[in-house]
Amino acid sequence: MGNVIVLVNATSDVVDAASAELLTTGAGLGSVVAVVPGGGSDALVADIAQYGAAEVHVVSCPQLSDSLVVAKAALLVERAAETHASIVLVASGLEGNEVAALVAAKLGAGLVTDAVAVRADDGELVVDKVVWAGKYTVTAKVVAPVAVLSMKANSCVAVVAPSQPEVRQAHFDFAAPAPTARVTSIEPAATSSRPKLVEANVVVSGGRGTDGDFAPVEALADALGGAVGASRAAVDAGFAPQPLQVGQTGKTVSPDLYVALGISGAIQHIAGMRTARQILAINSDPEAPIHRLADLSVVGDLKVIVPAVVARLG
Amino acid sequence: MKILTCVKYVPDAGDEVGFESDFTLGRTGPSSKLSELDEYAVEQALRLRATIDGATVTVLSVGPAEAEVALRKALQMGADEAVLVSDEAIAGSDVFGTAAVLIAAAGYLDEVGLVMCGMSSTDAGIGALPALLAEALGWPLLSNAAEVSVEAGQARIVRSDEFGTRVVEAALPAVVSVTDQSGEPRYPSFKDVLAAKKKSVTTIGLAELGVEAALVGAGAARVQVTAVVRNPERAAGRVIVDVDGSSVDDIVEFLAAATK
């Protein structure tokens with residue numbers, strides 16, 4: 001289906017998991033032009049080549065870090081126009097969805113955010129999206145000549161298919177057509193020695209039932225080599241920072257194992273973890289909705305049970 | 001200055017929603033209401049009103065006649081006036097169609113100095129509308145704010161996303177969207193509910209806005225829904241009632257099997 005632009009954010013010298021998935025998805029749809037805004041290292045470019053890109057465009061842009069969303073979107077629009085791309089793929093997220101929206105607006109393209117699957121069917125692009133707290137999967141076809149999609153993490157398995165892409169260095173000056181917002185301070189996302197929440201095979205989350213003590217949650221996560229998550233109730237109560245929130249307004253995870261500790265299982269939380277392969281729930285309330293969908297439900301005191309489990313795993 | 005707050009009327013997350021034959025969501029469920037995520041926008045609009053001389057809060061919705069319910073709730077929370085754009089031609093619009101209607105309405109209403117939105121709707125969950133409004137209005141976008149303030153005509157937000165935490169500033173007029181971290185929405189008191197009864201909801205159609213029907217609705221949508229499938233529910237598994245750590249053996253066995 002022609003050229004597929006894949007946005008790869010240069011956060012390190014390796015392709016992040018979500019971008020690797022996008023590159024694989026893109027390669028299944030057409031000829032991938034990976035676009036790295038703001039410049040990327042040779043090591044990153046080499047890593048992008050592991051996933052079958054035909055071209056890699058490393059595009060410097062002095063206005064990128066001072067602007068919110070708009071410069072990155074304009075940069076992608078320029079690349080899409082130059083390469084006559086028919087599909088633009090970005091990773092889902094607060095920023096990814098906005099970038100997708102602005103690119104689609106400029107290109108007159110069809111837009112689907114938070115897509116979980118995409119395929120070409122008889123010349124038409126068909127996209128799946130999960131809505132309504134995970135209850136329904138909506139399938140839609142894009143009827144515009146260009147499609148812009150943001151894809152949820154874990155939508156596919158990244159496949160290593162080394163290629164020898166043409167690497168281009170380019171420059172983009174963002175001339176704002178109208179007044180834009182200025183970023184006046186940046187504090188990079190906190191790094192953790194634990195796996196990233198959306199990429200982890202094991203996620204251990206805590207809720208209000210932890211009463212604010214996340215030590216058992218972290219201990220079990222570490223014993224299992226997993227990531228730490230939290231329910232919105234726990235985040236609202238200040239027990240855990242927002243980037244750890246799993247659910248409708250937080251992260252969507254799809255691990256092999258999800259452990260819910262002291263989480264009641266509100267519909268908004270379920271939306272973020274319902275595709276986990278196995279779910280263990282420990283909650284003192286026998287009526288908690290989480291017990292209706294966990295593979296193993298334990299009605300009991302997590303403060304007694306979890307340390308004993310950690311000791312056994314140790 | 002008007003603070004124009006865009007809100008959506010949606011079914012409650014717990015409702016059994018239905019889809020029409022054209023796959024549009026049946027918006028009017030048994031507990032349809034003001035989208036929870038838009039309550040945060042109303043709340044922040046009301047808090048900003050208190051800090052800006054001469055500011056008023058206008059709530060705006062696009063939807064069926066029943067969407068008045070959502071606007072009424074916003075009036076009870078304390079909004080000054082409410083406008084509903086309702087027109088059969090709008091049904092089935094994609095996000096670009098909805099944006100076109102909201103932009104026309106923002107022009108129709110005088111003296112808008114700030115557009116406020118929630119971070120996403122709770123039904124379609126696209127999360128694109130604030131960016132589209134800012135783009136079309138030619139105003140700065142200050143989106144997904146966990147904190148927002150306005151001082152001397154300058155808006156300032158704090159935003160946390162996949163790239164960290166950023167402070168972003170712009171001069172008004174601007175488009176601001178707020179997250180569910182921005183502050184708990186107020187609960188209207190009985191007095192507020194009574195006071196809101198005196199306020200009216202103005203309903204207008206596309207003709208008043210000068211929006212051509214061909215630009216909106218299912219026919220103009222760039223994405224067409226072809227199927228809606230109910231996902232299988234997870235079944236409940238084994239339930240153990242723990243007494244003094246009696247479940248530990250079973251849990252360890254389960255974890256070993258699940259992480260194999």
# chains A, B, ... in the order shown; residues from 1 in each chain; ligands from 1
>>> residues_around(residues="range 304-314 of chain A", least_positions_apart="3", cutoff="7 Å", atoms="only C-alpha atoms", output="PDB file with N, CA and C atoms, in the first residue's frame")
ATOM      1  N   PRO A 216       4.760  -4.277  49.929  1.00  0.00           N
ATOM      2  CA  PRO A 216       4.460  -5.647  49.488  1.00  0.00           C
ATOM      3  C   PRO A 216       4.287  -5.750  47.966  1.00  0.00           C
ATOM      4  N   ALA A 219       7.770  -5.589  46.493  1.00  0.00           N
ATOM      5  CA  ALA A 219       8.536  -6.806  46.823  1.00  0.00           C
ATOM      6  C   ALA A 219       8.099  -7.969  45.930  1.00  0.00           C
ATOM      7  N   LEU A 220       6.792  -8.091  45.720  1.00  0.00           N
ATOM      8  CA  LEU A 220       6.321  -9.193  44.872  1.00  0.00           C
ATOM      9  C   LEU A 220       6.712  -8.949  43.410  1.00  0.00           C
ATOM     10  N   ALA A 223      10.298  -9.883  43.145  1.00  0.00           N
ATOM     11  CA  ALA A 223      10.483 -11.337  43.231  1.00  0.00           C
ATOM     12  C   ALA A 223      10.111 -12.016  41.921  1.00  0.00           C
ATOM     13  N   ASP A 301      -6.071 -11.068  53.586  1.00  0.00           N
ATOM     14  CA  ASP A 301      -5.303  -9.870  53.928  1.00  0.00           C
ATOM     15  C   ASP A 301      -3.965  -9.885  53.183  1.00  0.00           C
TER      16      ASP A 301
ATOM     17  N   GLY B 245      -2.794 -16.935  56.074  1.00  0.00           N
ATOM     18  CA  GLY B 245      -1.773 -17.343  55.104  1.00  0.00           C
ATOM     19  C   GLY B 245      -1.982 -18.746  54.546  1.00  0.00           C
ATOM     20  N   VAL B 248      -1.086 -19.491  50.729  1.00  0.00           N
ATOM     21  CA  VAL B 248       0.251 -19.241  50.171  1.00  0.00           C
ATOM     22  C   VAL B 248       0.705 -20.352  49.218  1.00  0.00           C
ATOM     23  N   VAL B 252       1.713 -19.650  45.309  1.00  0.00           N
ATOM     24  CA  VAL B 252       3.063 -19.923  44.794  1.00  0.00           C
ATOM     25  C   VAL B 252       2.972 -20.869  43.589  1.00  0.00           C
TER      26      VAL B 252
END
>>> closest_atom_pairs(of="chain B", to="chain A", cutoff="7 Å", atoms="only C-alpha atoms", output="tab-separated table")
residue	atom	partner	partner_atom	distance
B:Asp123	CA	A:Trp132	CA	5.6
B:Ala124	CA	A:Val131	CA	6.5
B:Ile126	CA	A:Thr113	CA	5.7
B:Gly127	CA	A:Asn97	CA	6.5
B:Ala128	CA	A:Ala101	CA	5.4
B:Ala131	CA	A:Glu98	CA	6.0
B:Leu132	CA	A:Leu102	CA	6.4
B:Gly138	CA	A:Ala178	CA	5.4
B:Trp139	CA	A:Pro179	CA	6.1
B:Pro140	CA	A:Thr180	CA	4.2
B:Leu141	CA	A:Ala181	CA	6.1
B:Leu142	CA	A:Ala181	CA	6.6
B:Asp161	CA	A:Leu94	CA	6.1
B:Glu162	CA	A:Gly93	CA	6.7
B:Phe163	CA	A:Ala189	CA	5.7
B:Gly164	CA	A:Ala189	CA	3.8
B:Thr165	CA	A:Glu187	CA	5.0
B:Arg166	CA	A:Ile186	CA	4.5
B:Val167	CA	A:Ser185	CA	5.1
B:Val168	CA	A:Val183	CA	4.3
B:Glu169	CA	A:Arg182	CA	5.3
B:Ala170	CA	A:Ala181	CA	4.7
B:Arg222	CA	A:Gly110	CA	4.7
B:Val223	CA	A:Val142	CA	4.4
B:Gln224	CA	A:Ala140	CA	5.2
B:Val225	CA	A:Ala140	CA	3.9
B:Thr226	CA	A:Ala140	CA	5.2
B:Ala227	CA	A:Thr139	CA	5.0
B:Val228	CA	A:Val138	CA	4.5
B:Val229	CA	A:Thr137	CA	5.2
B:Arg230	CA	A:Tyr136	CA	4.4
B:Asn231	CA	A:Tyr136	CA	5.2
B:Arg234	CA	A:Leu293	CA	5.2
B:Ala235	CA	A:Leu293	CA	5.3
B:Ala236	CA	A:Leu293	CA	4.4
B:Gly237	CA	A:Asp295	CA	4.1
B:Arg238	CA	A:Leu296	CA	5.0
B:Val239	CA	A:Ser297	CA	4.6
B:Ile240	CA	A:Val298	CA	4.9
B:Val241	CA	A:Val299	CA	4.7
B:Asp242	CA	A:Gly300	CA	5.0
B:Gly245	CA	A:Ile305	CA	5.2
B:Val248	CA	A:Val309	CA	5.8
B:Val252	CA	A:Val309	CA	6.4
B:Ala258	CA	A:Leu257	CA	6.1
B:Thr259	CA	A:Leu257	CA	6.9
>>> residues_around(residues="Ala85 in chain A", least_positions_apart="5", cutoff="7 Å", atoms="only C-alpha atoms", output="tab-separated table (two decimals) with N, CA and C atoms, in the first residue's frame")
chain	number	residue	atom	x	y	z
A	2	GLY	N	2.01	1.19	-0.65
A	2	GLY	CA	2.85	2.38	-0.74
A	2	GLY	C	3.71	2.58	0.49
A	3	ASN	N	4.08	3.84	0.71
A	3	ASN	CA	4.98	4.13	1.82
A	3	ASN	C	4.22	4.27	3.13
A	4	VAL	N	4.84	3.74	4.17
A	4	VAL	CA	4.27	3.81	5.52
A	4	VAL	C	5.26	4.56	6.39
A	5	ILE	N	4.83	5.72	6.89
A	5	ILE	CA	5.68	6.48	7.83
A	5	ILE	C	5.51	5.89	9.22
A	80	ALA	N	5.58	12.95	5.33
A	80	ALA	CA	4.51	12.19	4.66
A	80	ALA	C	4.27	12.73	3.25
>>> closest_residue(among="B:Ala74, B:Met1, B:Val83, B:Val243", to="Glu36 in chain B", atoms="only C-alpha atoms")
B:Ala74
>>> select_by_dssp(residues="range 42-245 of chain B", states="helix (DSSP H, G or I)", output="JSON, numbers by chain")
{"B": [42, 43, 44, 45, 46, 47, 48, 49, 65, 66, 67, 68, 69, 70, 71, 72, 73, 74, 75, 76, 77, 88, 89, 90, 95, 96, 97, 98, 99, 100, 101, 102, 103, 104, 105, 106, 107, 108, 129, 130, 131, 132, 133, 134, 135, 136, 137, 190, 191, 192, 193, 194, 195, 196, 206, 207, 208, 209, 213, 214, 215, 218, 219, 220]}
>>> atom_distance(atom1="CA of Val14 in chain A", atom2="CA of Pro37 in chain A")
14.6 Å
>>> residues_around(residues="Leu215 in chain B", least_positions_apart="5", cutoff="10 Å", atoms="only C-alpha atoms", output="JSON, numbers by chain")
{"B": [89, 90, 93, 96, 97, 98, 100, 101, 220, 221]}
>>> residues_around(residues="Ala146 in chain B", least_positions_apart="5", cutoff="9 Å", atoms="only C-alpha atoms", output="NGL selection string")
:B and (157-160 or 178-183)
>>> write_last_selection(atoms="N, CA, C and O atoms", output="PDB file, in the first residue's frame")
ATOM      1  N   ILE B 157       0.199  25.476  32.138  1.00  0.00           N
ATOM      2  CA  ILE B 157      -0.219  24.125  32.555  1.00  0.00           C
ATOM      3  C   ILE B 157       0.995  23.299  32.964  1.00  0.00           C
ATOM      4  O   ILE B 157       2.125  23.580  32.579  1.00  0.00           O
ATOM      5  N   VAL B 158       0.718  22.257  33.747  1.00  0.00           N
ATOM      6  CA  VAL B 158       1.712  21.225  34.016  1.00  0.00           C
ATOM      7  C   VAL B 158       1.153  19.950  33.411  1.00  0.00           C
ATOM      8  O   VAL B 158      -0.007  19.583  33.657  1.00  0.00           O
ATOM      9  N   ARG B 159       1.975  19.307  32.590  1.00  0.00           N
ATOM     10  CA  ARG B 159       1.507  18.121  31.875  1.00  0.00           C
ATOM     11  C   ARG B 159       2.501  16.980  32.076  1.00  0.00           C
ATOM     12  O   ARG B 159       3.708  17.171  31.941  1.00  0.00           O
ATOM     13  N   SER B 160       1.979  15.802  32.392  1.00  0.00           N
ATOM     14  CA  SER B 160       2.826  14.608  32.487  1.00  0.00           C
ATOM     15  C   SER B 160       2.383  13.620  31.430  1.00  0.00           C
ATOM     16  O   SER B 160       1.204  13.303  31.334  1.00  0.00           O
ATOM     17  N   VAL B 178      -7.862  19.150  30.220  1.00  0.00           N
ATOM     18  CA  VAL B 178      -7.402  18.749  31.555  1.00  0.00           C
ATOM     19  C   VAL B 178      -7.632  17.255  31.761  1.00  0.00           C
ATOM     20  O   VAL B 178      -8.577  16.675  31.235  1.00  0.00           O
ATOM     21  N   THR B 179      -6.742  16.650  32.554  1.00  0.00           N
ATOM     22  CA  THR B 179      -6.851  15.216  32.837  1.00  0.00           C
ATOM     23  C   THR B 179      -7.642  14.989  34.125  1.00  0.00           C
ATOM     24  O   THR B 179      -8.020  15.938  34.815  1.00  0.00           O
ATOM     25  N   ASP B 180      -7.811  13.721  34.450  1.00  0.00           N
ATOM     26  CA  ASP B 180      -8.499  13.382  35.699  1.00  0.00           C
ATOM     27  C   ASP B 180      -7.579  13.539  36.914  1.00  0.00           C
ATOM     28  O   ASP B 180      -7.955  13.168  38.022  1.00  0.00           O
ATOM     29  N   GLN B 181      -6.370  14.092  36.678  1.00  0.00           N
ATOM     30  CA  GLN B 181      -5.487  14.416  37.810  1.00  0.00           C
ATOM     31  C   GLN B 181      -5.620  15.883  38.211  1.00  0.00           C
ATOM     32  O   GLN B 181      -4.918  16.356  39.105  1.00  0.00           O
ATOM     33  N   SER B 182      -6.509  16.625  37.508  1.00  0.00           N
ATOM     34  CA  SER B 182      -6.500  18.082  37.664  1.00  0.00           C
ATOM     35  C   SER B 182      -7.259  18.573  38.894  1.00  0.00           C
ATOM     36  O   SER B 182      -7.158  19.744  39.240  1.00  0.00           O
ATOM     37  N   GLY B 183      -7.997  17.715  39.552  1.00  0.00           N
ATOM     38  CA  GLY B 183      -8.735  18.149  40.739  1.00  0.00           C
ATOM     39  C   GLY B 183     -10.151  17.625  40.708  1.00  0.00           C
ATOM     40  O   GLY B 183     -10.821  17.710  39.684  1.00  0.00           O
TER      41      GLY B 183
END
